[in-house]
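Just below is one structure, and these are the notes that go with it.
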Amino acid sequence: MNTRRVAVLLGTAAFLVAIAVVAGVVEIAVTRPTIVVIGLVALVVALSALSRGHGVRTRFGTPDPERRGSVPVPGRSLSGTVDEFRAVTAGHTASSRRLRSGLRGAAVAVLTRFEGDSVEDATRRIENGTWTDDRVAAAFLSDSVEPPARSLRTRLAAVVTPAGNTPFQSGIRHAVAAIVAVGDDGERTEIDRQSLPEYDPEPDDLRGGFSRPGPTANAQSRTRTTTTAVDGIEAHRRRLTEHWTGIGAVALLAVGIGAVADSPAIVLAGVVGVGYAGFARAFDPPELELSLDRTLSDDDPEPGDEIDVTVTLTNESGSFVPDLRFVDGVPADMAVTEGSSRLGTALRPGESVTLEYTVTARRGTHAFDPAIAIARDLSRSVEREFLVDTETTVVCEPSLQPLATDVPIRSATTSFAGRVQTADGGSGTTIHSVREYRKSDPLSRIDWNRHAKTGDLATLEFHEERTARVVVLVDARLATYCAPDPDATHAVDRSVDAAGRIGTALLATGETVGLAALGPVARDGGREESSDAEQCWLPPASGRHHELQFRNLLATHPQFSTLPPSSACQWRRQLRSLRRRLSDDSQIILLTPLSDSVGGDIARRLEARGHPVTVISPDPTADRTAGQQLARVARNVRRTDLQRAGIPVIDWPDDESLDTAIARHAGVRR
Amino acid sequence: MTGTDDETITRRPTVVLSAATIAAVLAAVLAIGAGADSALAFGLLGAVCLAAGVVRGLPTALDVGAVVLFIGVVVGGLEQTAVEPTVIGTIATVIAWDLGHSAVDLGEQLGRESRTARLEAVQIVSSLLVGLLSGTVGYAVYVVAGGGQPVAAAVLLLLAAVLITIGLGTQRGRSANWSGS
């Protein structure tokens, strides 16, 4: 460091003497060779500096807080989906060839469910290849079936475009297509090349391991500025940008060339370069005293409303901020729809600047993350990152529009009068039966017409109408955060929305409704030691106050967050504590996408405890790739299994409204 | 980093700085154009490279383009006696290189849609001022020295330039202290 300072001092001295010489104060005799020597020295220094290479230009990257975090599509990883099938087909042994044996398990699963085969029959049919018309698929899953000869064209295609066309990959595609054809409930269609699913390689973050599908930490951190809490303004990182890297060496080079070649123009060009090199070093790293004020046009919006966000930045320090890059910390589960939440500006002391943009409100509680402010000095050589926080929270309660159709509850009721028609005879409005008169029967129920005709006394029985005690249970485990395309509304959002509408509809007809959820309570990677205490539980009740509580919980409880959790939860423990709380006559409406076997497990366990369960299942599956198609088949298998176990399942496709799905289900049952 | 699949943010060089870069490149080519043909060939090649770099957001193309353009300026300066075109060409080249990189940086950090005009204006003005100031000082000394004792004054100025550049030099020493944090 010291030699540099000495060099600068000597340089300045030389400059002053030069001025003196020019002014005629001092006289020094210098010859031409001296100039050449100095020029050569400059050249050597410059070349050595260049040969050492220059610093690497850097900058702080910025995340994309204006985007929403995306959720995985079920079947993102083929091997993961195949693994799921092992759980479905109990008793199937795993062989060393994981994918193939998993697919065989899938084939057994669909053949036993949809073609009525026993497990032995299905295994035999797969072994001799009679389960499908597709020879490639049959040969792929069986050791005894010869694969058909591949045509020259197929071989050529495999050479030209190897992706998805190797014998193994094409085998997988054919096998999956054949399994899907069986799983499509008898609608067996001719399998042609065009309808084969795409083969997509394993996602990078899952390669090598059979990890469960779930949002990756990487995908999440890209949409958040930071996950740490910040108070006021906090300096975060500091770095040299190396923006001017190389300018000094090139300047010296020019000076050297100019001196040797006796060209004043080139020397002057070098002098300009020296000026820039000085500029690059002239400034202190920037300090930032920034105050942030964020106002929202609507603190309590309905889902889908547009909220205008106005951010005001004020430079509180007494110095000029020449270079400020600002990225606002838009909540991870909200997306900017209009304008930009970023700003590049310069701020005089005390000056303010405003930034306006629009976000679309989604259900839930959304807290703004700290904003990122990157400041550079005037020459852009040093960069500092600051985090600025000001607390802003939007609470968006779901719009509870009651269902247009009847809520599909089961006929299990309490002993209180209500509107649910039961199979029991008694007082009511719809005729149930006529029976012999007994002494204590009320006069109003006696069939007087019959008495007038025959003289016998008979009593009319009506269907008793009682209230139901319903608990709406939302399955919000990590695995249920999935959607048919990464940016679509995910299954948990749809479930919570449905829960709100079902709750409102039931409360409007006077039923008692409760609310519960299974899923991680903690967000932001926190541990959940005391998850039971915080698990969502609203005991069944009715009334206006209860309805408000119901609505509020759906908006604010962390288990219903639209932001995917960072870790899985212990659903068994949560289910146990839920079962302890449920009264015997409660029935359950379970909202689960059935994206893994646990969803069905929960329904079966509750049903086994004597709580009638109705499953409403938002469909999160897609059908582009082999993995996705297989995930869809797996879900169909789970759905069928539940229905065969006597639990009604309402399948709710992504492109349909809940009303339509329920109405269709009611139509099928009738 | 490149973010080609981004839906909301276009991480490409910002508009104002890109335009300023192109303008500076044109100025440099015009300054070179006053001199010899060989210089102009270098100049045009560098200009195309620089322009491509700033349009596509390629830092390496910016570096290469600036060096080639500067070679053009130097070749032009060696072949002619007038000093002014070389000085102007150098300033324009450095500005183009500086603003080009700034545009890429700003595009990566804030994206093209953001409101950045004020920041860009400050950068353009500061870069231009530094160039004009150092160019003017150098030129003034040259003009004054041109009459009197050219040799001694020129040598001392050269020495000053060399020493100051070494002193200010690269910022490697400082960067070592700052890594981490």
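In the structure tokens, the first chain shown is A, the next is B, and so on; residue numbers restart at 1 for each chain, and ligands run from 1 in the order shown.
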
Members of segment 434-665 of chain A assigned helix (DSSP H, G or I) by DSSP, as a PyMOL selection string: chain A and resi 443-445+448-454+478-480+491-508+531-534+544-556+558-560+571-581+597-608+626-644+658-665

- prompt: Hey, what does DSSP flag as strand (DSSP E) within segment 437-562 of chain A? Can you give it to me as a list in words?
  reply: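 After running DSSP on the backbone, segment 437-562 of chain A has strand (DSSP E) at Ala458, Thr459, Leu460, Glu461, Phe462, His463, Glu464, Glu465, Arg466, Arg469, Val470, Val471, Val472, Leu473, Val474, Asp475, Thr512, Val513, Gly514, Leu515, Ala516, Ala517, Leu518, Trp537, Leu538, Pro539, Pro540 and Ala541 of chain A.
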
task: Find the residues near Val496 of chain A: any atom within 12 Å, counting only C-alpha atoms, skip ones fewer than 4 places away on the same chain, and give them as number ranges by chain.
output: A: 362-364, 397-400, 472-476, 480-481, 489-492, 500-503, 515-517, 550-551, 553-557, 559-562, 590-593, 616-618, 658

Name the residues in contact with segment 570-579 of chain A at a cut-off of 10 Å, using only C-alpha atoms, excluding same-chain residues fewer than 3 positions from it; report them as a PDB file with N, CA and C atoms, in the first residue's frame.
```pdb
ATOM      1  N   LEU A 473     -61.948 -30.496   6.630  1.00  0.00           N
ATOM      2  CA  LEU A 473     -60.535 -30.771   6.885  1.00  0.00           C
ATOM      3  C   LEU A 473     -59.744 -30.526   5.606  1.00  0.00           C
ATOM      4  N   ASP A 475     -56.273 -30.775   3.600  1.00  0.00           N
ATOM      5  CA  ASP A 475     -54.983 -31.459   3.551  1.00  0.00           C
ATOM      6  C   ASP A 475     -53.970 -30.486   2.945  1.00  0.00           C
ATOM      7  N   ALA A 476     -53.098 -29.931   3.782  1.00  0.00           N
ATOM      8  CA  ALA A 476     -52.140 -28.924   3.298  1.00  0.00           C
ATOM      9  C   ALA A 476     -50.717 -29.363   3.583  1.00  0.00           C
ATOM     10  N   ARG A 477     -50.470 -30.664   3.410  1.00  0.00           N
ATOM     11  CA  ARG A 477     -49.101 -31.126   3.600  1.00  0.00           C
ATOM     12  C   ARG A 477     -48.231 -30.670   2.436  1.00  0.00           C
ATOM     13  N   ALA A 516     -60.508 -27.698  10.237  1.00  0.00           N
ATOM     14  CA  ALA A 516     -59.238 -28.245  10.697  1.00  0.00           C
ATOM     15  C   ALA A 516     -58.312 -28.379   9.502  1.00  0.00           C
ATOM     16  N   ALA A 517     -57.040 -28.552   9.774  1.00  0.00           N
ATOM     17  CA  ALA A 517     -56.076 -28.708   8.695  1.00  0.00           C
ATOM     18  C   ALA A 517     -54.960 -29.637   9.131  1.00  0.00           C
ATOM     19  N   LEU A 518     -54.388 -30.321   8.166  1.00  0.00           N
ATOM     20  CA  LEU A 518     -53.179 -31.113   8.393  1.00  0.00           C
ATOM     21  C   LEU A 518     -52.091 -30.524   7.521  1.00  0.00           C
ATOM     22  N   GLY A 519     -50.970 -30.187   8.108  1.00  0.00           N
ATOM     23  CA  GLY A 519     -49.892 -29.641   7.308  1.00  0.00           C
ATOM     24  C   GLY A 519     -48.931 -28.871   8.170  1.00  0.00           C
ATOM     25  N   PRO A 520     -47.768 -28.537   7.609  1.00  0.00           N
ATOM     26  CA  PRO A 520     -46.764 -27.823   8.394  1.00  0.00           C
ATOM     27  C   PRO A 520     -47.310 -26.489   8.894  1.00  0.00           C
ATOM     28  N   GLU A 528     -40.840 -27.162  13.992  1.00  0.00           N
ATOM     29  CA  GLU A 528     -42.181 -27.179  14.564  1.00  0.00           C
ATOM     30  C   GLU A 528     -42.255 -28.138  15.742  1.00  0.00           C
ATOM     31  N   SER A 531     -46.128 -27.987  17.253  1.00  0.00           N
ATOM     32  CA  SER A 531     -47.076 -27.823  16.163  1.00  0.00           C
ATOM     33  C   SER A 531     -48.506 -28.135  16.599  1.00  0.00           C
ATOM     34  N   ASP A 532     -48.642 -29.033  17.578  1.00  0.00           N
ATOM     35  CA  ASP A 532     -49.995 -29.382  18.002  1.00  0.00           C
ATOM     36  C   ASP A 532     -50.731 -28.180  18.556  1.00  0.00           C
ATOM     37  N   ALA A 533     -49.999 -27.370  19.284  1.00  0.00           N
ATOM     38  CA  ALA A 533     -50.632 -26.214  19.899  1.00  0.00           C
ATOM     39  C   ALA A 533     -51.138 -25.248  18.839  1.00  0.00           C
ATOM     40  N   GLN A 535     -51.813 -26.034  15.597  1.00  0.00           N
ATOM     41  CA  GLN A 535     -52.565 -26.645  14.512  1.00  0.00           C
ATOM     42  C   GLN A 535     -53.974 -26.054  14.446  1.00  0.00           C
ATOM     43  N   CYS A 536     -54.432 -25.820  13.219  1.00  0.00           N
ATOM     44  CA  CYS A 536     -55.727 -25.168  13.067  1.00  0.00           C
ATOM     45  C   CYS A 536     -56.853 -26.064  13.559  1.00  0.00           C
ATOM     46  N   TRP A 537     -57.671 -25.550  14.452  1.00  0.00           N
ATOM     47  CA  TRP A 537     -58.827 -26.304  14.917  1.00  0.00           C
ATOM     48  C   TRP A 537     -59.912 -25.337  15.340  1.00  0.00           C
ATOM     49  N   LEU A 582     -62.325 -34.635  17.740  1.00  0.00           N
ATOM     50  CA  LEU A 582     -63.581 -34.828  17.016  1.00  0.00           C
ATOM     51  C   LEU A 582     -64.614 -35.517  17.906  1.00  0.00           C
ATOM     52  N   SER A 583     -65.827 -34.975  17.932  1.00  0.00           N
ATOM     53  CA  SER A 583     -66.875 -35.675  18.660  1.00  0.00           C
ATOM     54  C   SER A 583     -67.395 -36.810  17.785  1.00  0.00           C
ATOM     55  N   ASP A 584     -68.025 -37.806  18.424  1.00  0.00           N
ATOM     56  CA  ASP A 584     -68.372 -39.041  17.723  1.00  0.00           C
ATOM     57  C   ASP A 584     -69.289 -38.838  16.524  1.00  0.00           C
ATOM     58  N   VAL A 598     -50.888 -40.644   1.089  1.00  0.00           N
ATOM     59  CA  VAL A 598     -51.273 -40.229   2.431  1.00  0.00           C
ATOM     60  C   VAL A 598     -52.692 -39.650   2.461  1.00  0.00           C
ATOM     61  N   ILE A 602     -55.492 -40.831   5.169  1.00  0.00           N
ATOM     62  CA  ILE A 602     -56.179 -39.981   6.146  1.00  0.00           C
ATOM     63  C   ILE A 602     -57.672 -40.272   6.104  1.00  0.00           C
ATOM     64  N   ARG A 605     -58.415 -43.703   7.623  1.00  0.00           N
ATOM     65  CA  ARG A 605     -58.267 -43.739   9.076  1.00  0.00           C
ATOM     66  C   ARG A 605     -59.448 -43.080   9.774  1.00  0.00           C
ATOM     67  N   LEU A 606     -59.905 -41.948   9.212  1.00  0.00           N
ATOM     68  CA  LEU A 606     -61.034 -41.261   9.828  1.00  0.00           C
ATOM     69  C   LEU A 606     -62.303 -42.080   9.687  1.00  0.00           C
ATOM     70  N   ARG A 609     -62.547 -44.817  12.127  1.00  0.00           N
ATOM     71  CA  ARG A 609     -62.913 -44.363  13.463  1.00  0.00           C
ATOM     72  C   ARG A 609     -64.394 -44.028  13.575  1.00  0.00           C
ATOM     73  N   HIS A 611     -66.116 -41.845  11.572  1.00  0.00           N
ATOM     74  CA  HIS A 611     -66.539 -40.546  11.064  1.00  0.00           C
ATOM     75  C   HIS A 611     -66.796 -40.679   9.572  1.00  0.00           C
TER      76      HIS A 611
END
```

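Of the listed residues (B:Ile9, B:Ala19, B:Leu45, B:Leu50), B:Ile9 comes nearest to chain A; the distances count only C-alpha atoms.
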
Please provide the set of residues having any atom within 7 Å of segment 76-78 of chain B, restricted to only C-alpha atoms, with same-chain residues fewer than 3 positions apart removed, written as a PDB file with C-alpha atoms, in the first residue's frame.
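So the final result, stored in out_25.pdb, reads:
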```pdb
ATOM      1  CA  SER A 263       3.443  10.963 -30.674  1.00  0.00           C
ATOM      2  CA  ALA A 265      -1.610  12.503 -29.450  1.00  0.00           C
ATOM      3  CA  ILE A 266      -1.187   8.982 -28.083  1.00  0.00           C
TER       4      ILE A 266
ATOM      5  CA  ILE B  32     -11.204   8.094 -36.145  1.00  0.00           C
ATOM      6  CA  GLY B  35      -7.571   9.903 -40.037  1.00  0.00           C
ATOM      7  CA  ALA B  36      -6.294   6.972 -42.073  1.00  0.00           C
ATOM      8  CA  ALA B  39      -7.506   3.114 -38.421  1.00  0.00           C
ATOM      9  CA  GLY B  72      -8.143   2.162 -34.111  1.00  0.00           C
ATOM     10  CA  VAL B  73      -7.765   5.421 -32.180  1.00  0.00           C
ATOM     11  CA  THR B  86      -7.276  11.185 -30.860  1.00  0.00           C
TER      12      THR B  86
END
```

query: In Å, how far is it from atom CA of Arg76 of chain A to atom CA of Asp596 of chain A?
result: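 So the answer is 13.1 Å.
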
- request: Could you tell me which of A:Pro370, A:Pro148, A:Thr62, A:Val274 comes closest to Leu133 of chain B if we count only C-alpha atoms?
  value: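 Of all the options, A:Val274 lies closest to Leu133 of chain B.
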
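Residue neighbourhood of Ala96 of chain B, excluding near-sequence residues (fewer than 5 positions): B:Thr21, B:Ala24, B:Val25, at 7 Å, using only C-alpha atoms.
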
Write to file, as an mmCIF file, in the first residue's frame, the residues of the selection just made, with C-alpha atoms.
```cif
data_model
loop_
_atom_site.group_PDB
_atom_site.id
_atom_site.type_symbol
_atom_site.label_atom_id
_atom_site.label_comp_id
_atom_site.auth_asym_id
_atom_site.auth_seq_id
_atom_site.Cartn_x
_atom_site.Cartn_y
_atom_site.Cartn_z
ATOM 1 C CA THR B 21 -23.267 3.804 -25.660
ATOM 2 C CA ALA B 24 -20.423 7.320 -27.972
ATOM 3 C CA VAL B 25 -19.365 4.568 -30.372
#
```

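Rounded to one decimal, atom CA of Leu157 of chain B and atom CA of Thr93 of chain B lie 23.1 Å from each other.
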
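Taking atom CA of Val230 of chain A as the reference point, atom CA of Ser114 of chain B is found at 24.8 Å.
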
task: Find the residues near Ala160 of chain B: any atom within 8 Å, counting only C-alpha atoms, skip ones fewer than 6 places away on the same chain, and give them as a VMD selection string.
output: chain A and resid 10 to 15
